[in-house]
Structures are given as C-alpha cells and as structure tokens.
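Asker: input.cif (mmCIF, C-alpha atoms and all ligand atoms) pasted underneath:
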```cif
data_start
loop_
_atom_site.group_PDB
_atom_site.id
_atom_site.type_symbol
_atom_site.label_atom_id
_atom_site.label_comp_id
_atom_site.auth_asym_id
_atom_site.auth_seq_id
_atom_site.Cartn_x
_atom_site.Cartn_y
_atom_site.Cartn_z
ATOM 1 C CA MET A 29 110.975 -34.213 -54.954
ATOM 2 C CA ASN A 30 114.377 -35.901 -55.081
ATOM 3 C CA PRO A 31 114.990 -37.030 -51.444
ATOM 4 C CA VAL A 32 118.591 -35.747 -51.492
ATOM 5 C CA TYR A 33 117.401 -32.304 -52.591
ATOM 6 C CA GLU A 34 114.539 -32.376 -50.107
ATOM 7 C CA LYS A 35 116.964 -33.060 -47.241
ATOM 8 C CA LEU A 36 119.250 -30.277 -48.468
ATOM 9 C CA GLN A 37 116.343 -27.831 -48.626
ATOM 10 C CA LYS A 38 115.290 -28.776 -45.079
ATOM 11 C CA CYS A 39 118.816 -28.220 -43.746
ATOM 12 C CA TYR A 40 119.012 -24.920 -45.634
ATOM 13 C CA GLU A 41 115.740 -23.711 -44.124
ATOM 14 C CA SER A 42 116.901 -24.801 -40.664
ATOM 15 C CA VAL A 43 120.154 -22.810 -41.002
ATOM 16 C CA LYS A 44 118.379 -19.796 -42.544
ATOM 17 C CA GLN A 45 116.117 -19.663 -39.498
ATOM 18 C CA LYS A 46 119.153 -19.424 -37.234
ATOM 19 C CA VAL A 47 121.368 -17.034 -39.233
ATOM 20 C CA ASP A 48 120.828 -14.222 -41.655
ATOM 21 C CA PHE A 49 124.275 -13.829 -43.175
ATOM 22 C CA GLN A 50 125.507 -13.993 -46.728
ATOM 23 C CA PRO A 51 129.009 -15.447 -47.083
ATOM 24 C CA GLU A 52 131.078 -14.830 -50.210
ATOM 25 C CA ILE A 53 133.722 -17.476 -49.558
ATOM 26 C CA ALA A 54 133.246 -20.918 -48.012
ATOM 27 C CA LEU A 55 136.242 -22.348 -46.169
ATOM 28 C CA VAL A 56 136.578 -25.964 -45.117
ATOM 29 C CA LEU A 57 138.973 -26.356 -42.215
ATOM 30 C CA GLY A 58 140.985 -29.569 -42.300
ATOM 31 C CA SER A 59 143.240 -31.007 -39.612
ATOM 32 C CA GLY A 60 145.608 -28.381 -38.258
ATOM 33 C CA LEU A 61 143.221 -25.534 -38.959
ATOM 34 C CA GLY A 62 140.786 -26.759 -36.328
ATOM 35 C CA ASP A 63 141.344 -23.699 -34.150
ATOM 36 C CA TYR A 64 141.245 -21.279 -37.085
ATOM 37 C CA GLY A 65 137.867 -20.230 -35.748
ATOM 38 C CA GLU A 66 139.751 -17.936 -33.373
ATOM 39 C CA SER A 67 140.847 -15.733 -36.322
ATOM 40 C CA ILE A 68 137.269 -15.059 -37.375
ATOM 41 C CA ASP A 69 135.064 -12.131 -36.351
ATOM 42 C CA VAL A 70 132.212 -14.439 -35.532
ATOM 43 C CA VAL A 71 128.701 -13.316 -36.382
ATOM 44 C CA ALA A 72 127.004 -16.649 -35.688
ATOM 45 C CA THR A 73 127.790 -20.315 -35.203
ATOM 46 C CA VAL A 74 125.526 -23.234 -35.958
ATOM 47 C CA ASN A 75 126.332 -26.672 -34.543
ATOM 48 C CA TYR A 76 125.774 -29.429 -37.057
ATOM 49 C CA ASN A 77 123.677 -31.379 -34.589
ATOM 50 C CA ASP A 78 121.282 -28.440 -34.277
ATOM 51 C CA ILE A 79 120.470 -28.731 -37.993
ATOM 52 C CA GLU A 80 117.656 -31.168 -38.579
ATOM 53 C CA GLY A 81 118.793 -34.131 -40.677
ATOM 54 C CA PHE A 82 122.397 -32.950 -40.938
ATOM 55 C CA PRO A 83 125.089 -35.660 -41.005
ATOM 56 C CA VAL A 84 127.134 -35.256 -37.806
ATOM 57 C CA SER A 85 130.905 -35.813 -37.769
ATOM 58 C CA THR A 86 132.383 -38.222 -35.258
ATOM 59 C CA VAL A 87 136.151 -38.003 -35.803
ATOM 60 C CA GLU A 88 138.294 -37.043 -32.847
ATOM 61 C CA GLY A 89 139.570 -33.489 -33.074
ATOM 62 C CA HIS A 90 136.869 -32.434 -35.530
ATOM 63 C CA LYS A 91 134.375 -29.988 -34.109
ATOM 64 C CA GLY A 92 131.161 -29.965 -35.987
ATOM 65 C CA ARG A 93 129.846 -26.510 -36.705
ATOM 66 C CA PHE A 94 129.486 -23.739 -39.242
ATOM 67 C CA ILE A 95 131.047 -20.419 -38.337
ATOM 68 C CA PHE A 96 129.645 -17.355 -40.083
ATOM 69 C CA GLY A 97 131.620 -14.150 -39.876
ATOM 70 C CA TYR A 98 134.445 -12.062 -41.265
ATOM 71 C CA ILE A 99 138.096 -12.835 -41.936
ATOM 72 C CA GLU A 100 139.775 -9.418 -42.216
ATOM 73 C CA GLY A 101 136.487 -8.002 -43.455
ATOM 74 C CA VAL A 102 135.725 -10.819 -45.899
ATOM 75 C CA PRO A 103 132.310 -12.449 -45.325
ATOM 76 C CA VAL A 104 132.881 -16.179 -44.943
ATOM 77 C CA VAL A 105 131.293 -19.379 -43.799
ATOM 78 C CA CYS A 106 133.689 -21.932 -42.325
ATOM 79 C CA MET A 107 133.120 -25.598 -41.807
ATOM 80 C CA GLN A 108 134.870 -26.513 -38.608
ATOM 81 C CA GLY A 109 134.795 -30.278 -39.022
ATOM 82 C CA ARG A 110 133.709 -32.042 -42.192
ATOM 83 C CA VAL A 111 131.758 -35.187 -42.929
ATOM 84 C CA HIS A 112 133.905 -38.102 -44.116
ATOM 85 C CA TYR A 113 132.892 -41.001 -46.325
ATOM 86 C CA TYR A 114 134.720 -43.442 -44.015
ATOM 87 C CA GLU A 115 132.342 -42.545 -41.196
ATOM 88 C CA GLY A 116 129.702 -44.477 -43.085
ATOM 89 C CA TYR A 117 127.720 -41.620 -44.607
ATOM 90 C CA PRO A 118 126.635 -41.832 -48.222
ATOM 91 C CA MET A 119 128.468 -39.441 -50.533
ATOM 92 C CA THR A 120 125.329 -37.331 -50.880
ATOM 93 C CA ASP A 121 125.570 -36.620 -47.129
ATOM 94 C CA VAL A 122 129.314 -36.003 -47.354
ATOM 95 C CA VAL A 123 128.733 -33.127 -49.784
ATOM 96 C CA LEU A 124 125.537 -31.792 -48.203
ATOM 97 C CA PRO A 125 127.382 -29.113 -46.198
ATOM 98 C CA THR A 126 129.239 -27.958 -49.322
ATOM 99 C CA ARG A 127 125.968 -27.588 -51.189
ATOM 100 C CA LEU A 128 124.437 -25.815 -48.241
ATOM 101 C CA MET A 129 127.238 -23.224 -48.169
ATOM 102 C CA LYS A 130 126.636 -22.499 -51.861
ATOM 103 C CA MET A 131 122.936 -22.075 -51.174
ATOM 104 C CA MET A 132 123.826 -19.616 -48.388
ATOM 105 C CA GLY A 133 125.545 -17.498 -51.027
ATOM 106 C CA ALA A 134 129.201 -18.598 -51.152
ATOM 107 C CA LYS A 135 130.681 -18.360 -54.645
ATOM 108 C CA VAL A 136 134.164 -19.663 -53.900
ATOM 109 C CA LEU A 137 134.998 -22.892 -52.057
ATOM 110 C CA PHE A 138 138.396 -22.941 -50.344
ATOM 111 C CA LEU A 139 139.275 -26.490 -49.307
ATOM 112 C CA THR A 140 141.984 -27.482 -46.853
ATOM 113 C CA ASN A 141 143.006 -30.885 -45.588
ATOM 114 C CA ALA A 142 145.766 -33.036 -44.189
ATOM 115 C CA ALA A 143 147.273 -35.404 -46.708
ATOM 116 C CA GLY A 144 150.057 -37.905 -47.121
ATOM 117 C CA GLY A 145 152.803 -36.937 -49.568
ATOM 118 C CA LEU A 146 153.384 -39.380 -52.427
ATOM 119 C CA ASN A 147 155.879 -37.244 -54.309
ATOM 120 C CA TYR A 148 159.475 -37.819 -53.171
ATOM 121 C CA ASP A 149 160.152 -34.086 -53.539
ATOM 122 C CA PHE A 150 157.713 -33.413 -50.676
ATOM 123 C CA GLN A 151 158.453 -33.306 -46.967
ATOM 124 C CA ALA A 152 156.232 -33.538 -43.922
ATOM 125 C CA GLY A 153 155.140 -30.005 -43.109
ATOM 126 C CA ASP A 154 154.986 -28.832 -46.740
ATOM 127 C CA PHE A 155 151.860 -27.231 -48.182
ATOM 128 C CA MET A 156 150.562 -28.348 -51.564
ATOM 129 C CA MET A 157 148.213 -26.374 -53.747
ATOM 130 C CA ILE A 158 145.793 -28.806 -55.385
ATOM 131 C CA THR A 159 145.884 -28.453 -59.175
ATOM 132 C CA ASP A 160 143.601 -31.416 -59.955
ATOM 133 C CA HIS A 161 142.379 -34.615 -58.361
ATOM 134 C CA ILE A 162 141.652 -38.310 -58.831
ATOM 135 C CA MET A 163 138.646 -39.760 -57.042
ATOM 136 C CA ASN A 164 137.789 -42.941 -58.933
ATOM 137 C CA PHE A 165 138.369 -45.082 -55.839
ATOM 138 C CA VAL A 166 135.348 -43.595 -54.086
ATOM 139 C CA PRO A 167 131.874 -43.072 -55.553
ATOM 140 C CA SER A 168 130.988 -39.779 -57.183
ATOM 141 C CA PRO A 169 128.731 -37.627 -54.999
ATOM 142 C CA LEU A 170 126.626 -37.043 -58.127
ATOM 143 C CA ILE A 171 125.470 -40.670 -58.431
ATOM 144 C CA GLY A 172 121.680 -40.934 -58.275
ATOM 145 C CA PRO A 173 118.992 -38.902 -59.983
ATOM 146 C CA ASN A 174 120.486 -35.585 -61.018
ATOM 147 C CA ILE A 175 119.349 -32.548 -59.049
ATOM 148 C CA ASN A 176 118.720 -30.307 -62.020
ATOM 149 C CA GLU A 177 118.275 -27.293 -59.735
ATOM 150 C CA LEU A 178 121.948 -27.649 -58.751
ATOM 151 C CA GLY A 179 123.681 -28.508 -62.010
ATOM 152 C CA ALA A 180 123.996 -30.629 -65.128
ATOM 153 C CA ARG A 181 123.737 -34.426 -65.324
ATOM 154 C CA PHE A 182 127.151 -34.775 -66.964
ATOM 155 C CA PRO A 183 129.139 -31.819 -65.672
ATOM 156 C CA ASP A 184 132.518 -30.880 -67.111
ATOM 157 C CA MET A 185 135.436 -31.363 -64.699
ATOM 158 C CA SER A 186 138.247 -29.989 -66.862
ATOM 159 C CA ASP A 187 138.899 -26.965 -64.659
ATOM 160 C CA ILE A 188 137.760 -27.646 -61.074
ATOM 161 C CA TYR A 189 140.613 -25.879 -59.271
ATOM 162 C CA LYS A 190 140.396 -22.602 -61.127
ATOM 163 C CA LYS A 191 143.577 -21.351 -62.774
ATOM 164 C CA ASP A 192 142.951 -17.773 -61.667
ATOM 165 C CA LEU A 193 142.564 -18.875 -58.041
ATOM 166 C CA GLN A 194 145.680 -21.027 -58.385
ATOM 167 C CA LYS A 195 147.593 -17.942 -59.475
ATOM 168 C CA ILE A 196 146.337 -16.012 -56.450
ATOM 169 C CA LEU A 197 147.412 -18.821 -54.084
ATOM 170 C CA ARG A 198 150.811 -19.046 -55.744
ATOM 171 C CA ASP A 199 151.327 -15.271 -55.573
ATOM 172 C CA THR A 200 150.111 -15.147 -51.963
ATOM 173 C CA ALA A 201 152.586 -17.814 -50.866
ATOM 174 C CA LYS A 202 155.373 -15.924 -52.616
ATOM 175 C CA GLU A 203 154.295 -12.647 -50.970
ATOM 176 C CA LEU A 204 154.473 -14.338 -47.547
ATOM 177 C CA GLY A 205 157.669 -16.280 -48.238
ATOM 178 C CA ILE A 206 155.892 -19.580 -47.593
ATOM 179 C CA LYS A 207 156.908 -22.568 -49.710
ATOM 180 C CA LEU A 208 153.980 -23.908 -51.711
ATOM 181 C CA GLN A 209 154.242 -27.201 -53.570
ATOM 182 C CA GLU A 210 151.709 -28.041 -56.287
ATOM 183 C CA GLY A 211 150.175 -31.306 -57.305
ATOM 184 C CA VAL A 212 147.355 -33.764 -57.792
ATOM 185 C CA TYR A 213 145.317 -34.980 -54.819
ATOM 186 C CA ILE A 214 143.890 -38.466 -54.747
ATOM 187 C CA GLN A 215 140.918 -39.251 -52.537
ATOM 188 C CA LEU A 216 140.815 -42.747 -51.081
ATOM 189 C CA SER A 217 138.102 -44.072 -48.814
ATOM 190 C CA GLY A 218 140.145 -44.525 -45.622
ATOM 191 C CA PRO A 219 139.926 -44.818 -42.670
ATOM 192 C CA ASN A 220 142.968 -47.072 -42.905
ATOM 193 C CA TYR A 221 146.066 -45.518 -44.350
ATOM 194 C CA GLU A 222 147.421 -46.991 -47.587
ATOM 195 C CA THR A 223 149.701 -49.978 -47.951
ATOM 196 C CA PRO A 224 153.134 -49.272 -49.439
ATOM 197 C CA THR A 225 151.941 -50.838 -52.711
ATOM 198 C CA GLU A 226 148.855 -48.636 -52.773
ATOM 199 C CA VAL A 227 151.076 -45.615 -52.224
ATOM 200 C CA LYS A 228 153.202 -46.706 -55.172
ATOM 201 C CA MET A 229 150.065 -47.252 -57.275
ATOM 202 C CA CYS A 230 148.779 -43.759 -56.489
ATOM 203 C CA ARG A 231 152.119 -42.267 -57.495
ATOM 204 C CA ILE A 232 152.113 -44.220 -60.777
ATOM 205 C CA LEU A 233 148.586 -42.933 -61.438
ATOM 206 C CA GLY A 234 149.891 -39.396 -61.196
ATOM 207 C CA ALA A 235 148.944 -38.359 -57.670
ATOM 208 C CA ASP A 236 151.205 -36.272 -55.443
ATOM 209 C CA ALA A 237 149.201 -36.439 -52.208
ATOM 210 C CA ALA A 238 146.620 -38.838 -50.766
ATOM 211 C CA GLY A 239 143.769 -38.114 -48.413
ATOM 212 C CA MET A 240 140.287 -39.130 -47.352
ATOM 213 C CA SER A 241 138.225 -36.050 -48.212
ATOM 214 C CA THR A 242 138.130 -32.968 -50.429
ATOM 215 C CA ALA A 243 137.781 -34.300 -53.987
ATOM 216 C CA ALA A 244 134.126 -35.260 -53.496
ATOM 217 C CA GLU A 245 133.412 -31.806 -52.096
ATOM 218 C CA ALA A 246 135.216 -30.231 -55.051
ATOM 219 C CA VAL A 247 133.118 -32.253 -57.515
ATOM 220 C CA ALA A 248 129.849 -31.255 -55.844
ATOM 221 C CA ALA A 249 130.926 -27.615 -55.725
ATOM 222 C CA ASN A 250 132.009 -27.606 -59.369
ATOM 223 C CA HIS A 251 128.686 -29.217 -60.302
ATOM 224 C CA MET A 252 126.955 -26.233 -58.677
ATOM 225 C CA GLY A 253 129.186 -23.696 -60.397
ATOM 226 C CA MET A 254 131.340 -22.722 -57.437
ATOM 227 C CA LYS A 255 134.933 -21.718 -58.047
ATOM 228 C CA VAL A 256 137.174 -24.107 -56.127
ATOM 229 C CA CYS A 257 140.697 -23.932 -54.753
ATOM 230 C CA GLY A 258 142.485 -26.057 -52.203
ATOM 231 C CA ILE A 259 145.620 -26.525 -50.147
ATOM 232 C CA SER A 260 146.792 -29.752 -48.529
ATOM 233 C CA CYS A 261 148.993 -29.798 -45.492
ATOM 234 C CA ILE A 262 151.404 -32.652 -46.145
ATOM 235 C CA THR A 263 151.507 -34.140 -42.664
ATOM 236 C CA ASN A 264 153.574 -37.215 -43.523
ATOM 237 C CA LEU A 265 155.019 -39.137 -46.404
ATOM 238 C CA GLY A 266 152.935 -42.041 -47.675
ATOM 239 C CA CYS A 267 153.246 -45.432 -46.022
ATOM 240 C CA GLY A 268 156.369 -47.284 -47.087
ATOM 241 C CA MET A 269 158.205 -44.154 -48.268
ATOM 242 C CA LEU A 270 159.956 -43.978 -44.901
ATOM 243 C CA ASP A 271 160.821 -46.907 -42.698
ATOM 244 C CA VAL A 272 158.365 -46.030 -39.922
ATOM 245 C CA PRO A 273 154.698 -46.864 -39.385
ATOM 246 C CA LEU A 274 152.199 -44.022 -39.722
ATOM 247 C CA SER A 275 149.884 -42.855 -36.973
ATOM 248 C CA HIS A 276 147.080 -40.335 -36.633
ATOM 249 C CA THR A 277 149.165 -38.758 -33.837
ATOM 250 C CA GLU A 278 152.000 -38.023 -36.279
ATOM 251 C CA VAL A 279 149.497 -36.501 -38.706
ATOM 252 C CA GLN A 280 148.090 -34.243 -35.998
ATOM 253 C CA GLU A 281 151.514 -33.285 -34.628
ATOM 254 C CA THR A 282 152.765 -32.142 -38.036
ATOM 255 C CA ALA A 283 149.533 -30.268 -38.725
ATOM 256 C CA ASP A 284 149.892 -28.486 -35.365
ATOM 257 C CA ARG A 285 153.571 -27.704 -35.979
ATOM 258 C CA VAL A 286 152.867 -25.806 -39.216
ATOM 259 C CA ALA A 287 149.454 -24.427 -38.228
ATOM 260 C CA VAL A 288 150.718 -20.852 -37.806
ATOM 261 C CA ASP A 289 151.994 -20.672 -41.403
ATOM 262 C CA PHE A 290 148.939 -22.504 -42.711
ATOM 263 C CA LYS A 291 146.656 -19.925 -41.094
ATOM 264 C CA LYS A 292 148.733 -17.031 -42.441
ATOM 265 C CA LEU A 293 148.604 -18.458 -45.959
ATOM 266 C CA VAL A 294 144.874 -19.154 -45.882
ATOM 267 C CA THR A 295 144.004 -15.766 -44.377
ATOM 268 C CA GLN A 296 146.033 -13.780 -46.908
ATOM 269 C CA ALA A 297 144.766 -15.927 -49.787
ATOM 270 C CA ILE A 298 141.182 -15.233 -48.737
ATOM 271 C CA ILE A 299 141.864 -11.485 -48.623
ATOM 272 C CA ASN A 300 143.469 -11.645 -52.087
ATOM 273 C CA ILE A 301 140.694 -13.782 -53.589
ATOM 274 C CA TYR A 302 138.025 -11.427 -52.285
ATOM 275 C CA LYS A 303 139.788 -8.390 -53.793
ATOM 276 C CA TYR A 304 139.670 -10.190 -57.102
ATOM 277 C CA MET A 305 135.982 -11.250 -56.912
HETATM 278 N N1 LIG B 401 147.019 -41.079 -46.399
HETATM 279 C C1 LIG B 401 145.731 -40.733 -46.439
HETATM 280 N N2 LIG B 401 145.220 -39.729 -45.762
HETATM 281 C C2 LIG B 401 146.049 -39.000 -45.001
HETATM 282 C C3 LIG B 401 147.406 -39.300 -44.897
HETATM 283 C C4 LIG B 401 147.924 -40.406 -45.641
HETATM 284 O O1 LIG B 401 149.131 -40.729 -45.603
HETATM 285 N N3 LIG B 401 147.960 -38.394 -44.056
HETATM 286 C C5 LIG B 401 146.950 -37.564 -43.668
HETATM 287 N N4 LIG B 401 145.787 -37.922 -44.245
#
```
As a first step, turn the structure in this file into structure tokens.
Answerer:
Amino acid sequence: MNPVYEKLQKCYESVKQKVDFQPEIALVLGSGLGDYGESIDVVATVNYNDIEGFPVSTVEGHKGRFIFGYIEGVPVVCMQGRVHYYEGYPMTDVVLPTRLMKMMGAKVLFLTNAAGGLNYDFQAGDFMMITDHIMNFVPSPLIGPNINELGARFPDMSDIYKKDLQKILRDTAKELGIKLQEGVYIQLSGPNYETPTEVKMCRILGADAAGMSTAAEAVAANHMGMKVCGISCITNLGCGMLDVPLSHTEVQETADRVAVDFKKLVTQAIINIYKYM
C-alpha cells in the first residue's frame, strides 16, 4: 500500500479506538482561537502524541489535540494546534490531520489562521474571508503517488472555497455586525516573516494576506471532496508596510485582542452552515 495512505489508515484506526463520534464539520483553530475549546461541549479529546505515527506540533502556544463535541448542537471535530510545514514535516504529514477528520466523517472544513495583511485597505485586527489562494511557493501536499481512495490524480481547484459557504460567512458577519474583508491568501513556507520586497511581490501576484498554513490543508480537503471555507485574522500588516519590525508577540497580541469577535463569528457561521447542510 502507499506508505502515506498506510500511515493515515493507522492513525485513523488509532483515533477510532479512542472515540466513537461522527463530526459533520471540521474546524481548524489558528492563533487567537487557541482557547476556543472552552466553547465546545466536549465529548472526547485525543492528544496528537497519543496517536501512533501522528506528526506532533511544536510551536509555542499551539496545543496539539483533537476535540470532538458539539458547538451549539453541531457535531464538530476541532484541531487545536496544526502541523506546519516550517516545523520540518513533509507536506503529506502537514495534511494528515485534515484527511483524518474527513475520514472521521466531516464534510465541511472550516479553516482559521493568523495572517499578515498585504492589502493596504486592511488593518491589524480585521478578519478576511478567504476567497481563493496561492500556494506555489510551497510544495503541493498531493505530490507523490496519488492515493486513489482519496481523490483524483489531477483534481480541479477552480472552486475550493465554496461560493455557497462564502455567502453564509458573509451573511453571518453582517448579521453580527462584524466587519469581514475578503481576499486571496498566499501560503509561504515561513518560519521567517517576509521581506518588504517579498510582501510587495505577493501583492503584485494578487494576494491580500500571507501566512504559513491553510492553503495546503484546503488543497488536500478539496482533493477528498470536502467543502472548504476559511477566515484569516489579520494580525499585522506585512513587513515593510509600516515602519516597525514584526514580531510573533505582536501577532499573538492582535489575535488575542479580537478573539472574542472571532469566536462569535466562527460559532454563528458554524450554526448557519449546519442548518444549510
Ligand atoms: N506573514 C506570514 N505569516 C503571518 C504573518 C505575516 O505577516 N502574520 C501572521 N502570520
């Protein structure tokens, strides 16, 4: 068997032994939503390092576990802490948890992250609904022998962030009176932030926000036929756009400052998506 698929199957069996729960929506918690776990009626948690062969996250502030439970009655699985490419894992490991959540039953993938704003109309603390992405600066998670059980060799990517889910997110933000920007996310490898010239390049390429995750997960999910949507928390403007150096502390402080609204938006969007499913 394909070793990537074999590893995935092993992790799936390991999780299945620990929990018997079928999520409808999978939610990836980015920076600033780290304590979102508190809003979940928890049925079970599984620490990543208790799953045999699972890539374990090392970034500060990222807890590594799946939370299974209900958000306002909606059956969900949440990833509290993701696996990043810059940690040194191959892309197939980076997207393993995404694939696992689909195998557990999730049909929708709701991605969140912290990102740097590239668009001069954005401000730190804004939220941006992802309408599309660019990820040519990191390898595709689908490189290697295709896992035919998961999806096609040459999958279409014309509609990753589904228009109907986009409409729900837009309407939800309006309903809550929360400002929601829209734009294209570009995934870069990190862990260093961009140079001012790289920021300019990304803007010229058509990106509105830059980050170090998310697009690879979206590609893997789309490959498997999941419906994807995503919101970035714009924690800062890209390097060089303001006359101050950028730090991880600033990113975390902004994410924490707007966390209450971010949680409100995500919770209501999940309720509205589930009604529609
Ligand atoms: N660049 C890349 N990733 C990020 C940034 C940024 O400016 N801010 C938060 N994540």
Asker: Find the residue from A:Leu124, A:Ile53, A:Ala238, A:Ala243 that sits nearest to ligand LIG 401 (chain B); use all atoms listed in the file when measuring.
Answerer: A:Ala238
Asker: Take the PyMOL selection byres (((chain A and resi 136-142) around 7) and not hetatm), apply it to the structure above, and return the hits as a CSV table (one decimal) with C-alpha atoms, keeping the file's coordinate frame.
Answerer:
```csv
chain,number,residue,atom,x,y,z
A,52,GLU,CA,131.1,-14.8,-50.2
A,53,ILE,CA,133.7,-17.5,-49.6
A,54,ALA,CA,133.2,-20.9,-48.0
A,55,LEU,CA,136.2,-22.3,-46.2
A,56,VAL,CA,136.6,-26.0,-45.1
A,57,LEU,CA,139.0,-26.4,-42.2
A,58,GLY,CA,141.0,-29.6,-42.3
A,59,SER,CA,143.2,-31.0,-39.6
A,134,ALA,CA,129.2,-18.6,-51.2
A,135,LYS,CA,130.7,-18.4,-54.6
A,143,ALA,CA,147.3,-35.4,-46.7
A,239,GLY,CA,143.8,-38.1,-48.4
A,242,THR,CA,138.1,-33.0,-50.4
A,254,MET,CA,131.3,-22.7,-57.4
A,255,LYS,CA,134.9,-21.7,-58.0
A,256,VAL,CA,137.2,-24.1,-56.1
A,257,CYS,CA,140.7,-23.9,-54.8
A,258,GLY,CA,142.5,-26.1,-52.2
A,259,ILE,CA,145.6,-26.5,-50.1
A,260,SER,CA,146.8,-29.8,-48.5
A,261,CYS,CA,149.0,-29.8,-45.5
A,262,ILE,CA,151.4,-32.7,-46.1
A,263,THR,CA,151.5,-34.1,-42.7
```
Asker: Within 10 Å of segment 280-291 of chain A, counting only C-alpha atoms, which residues qualify if same-chain residues fewer than 2 places away don't, as a PyMOL selection string?
Answerer: chain A and resi 58-64+67+89+140-143+152-155+201+204-207+259-264+275-278+293-297
Asker: Looking at all atoms listed in the file, which of A:Arg93, A:Lys190, A:Lys228, A:Arg181 is the one that sits closest to ligand LIG 401 (chain B)?
Answerer: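 Checking each of A:Arg93, A:Lys190, A:Lys228, A:Arg181 against ligand LIG 401 (chain B), counting all atoms listed in the file, the winner is A:Lys228.
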Asker: Looking at all atoms listed in the file, which of A:Gly179, A:Pro118, A:Gly253, A:Pro173 is the one that sits closest to Ser217 of chain A?
Answerer: A:Pro118
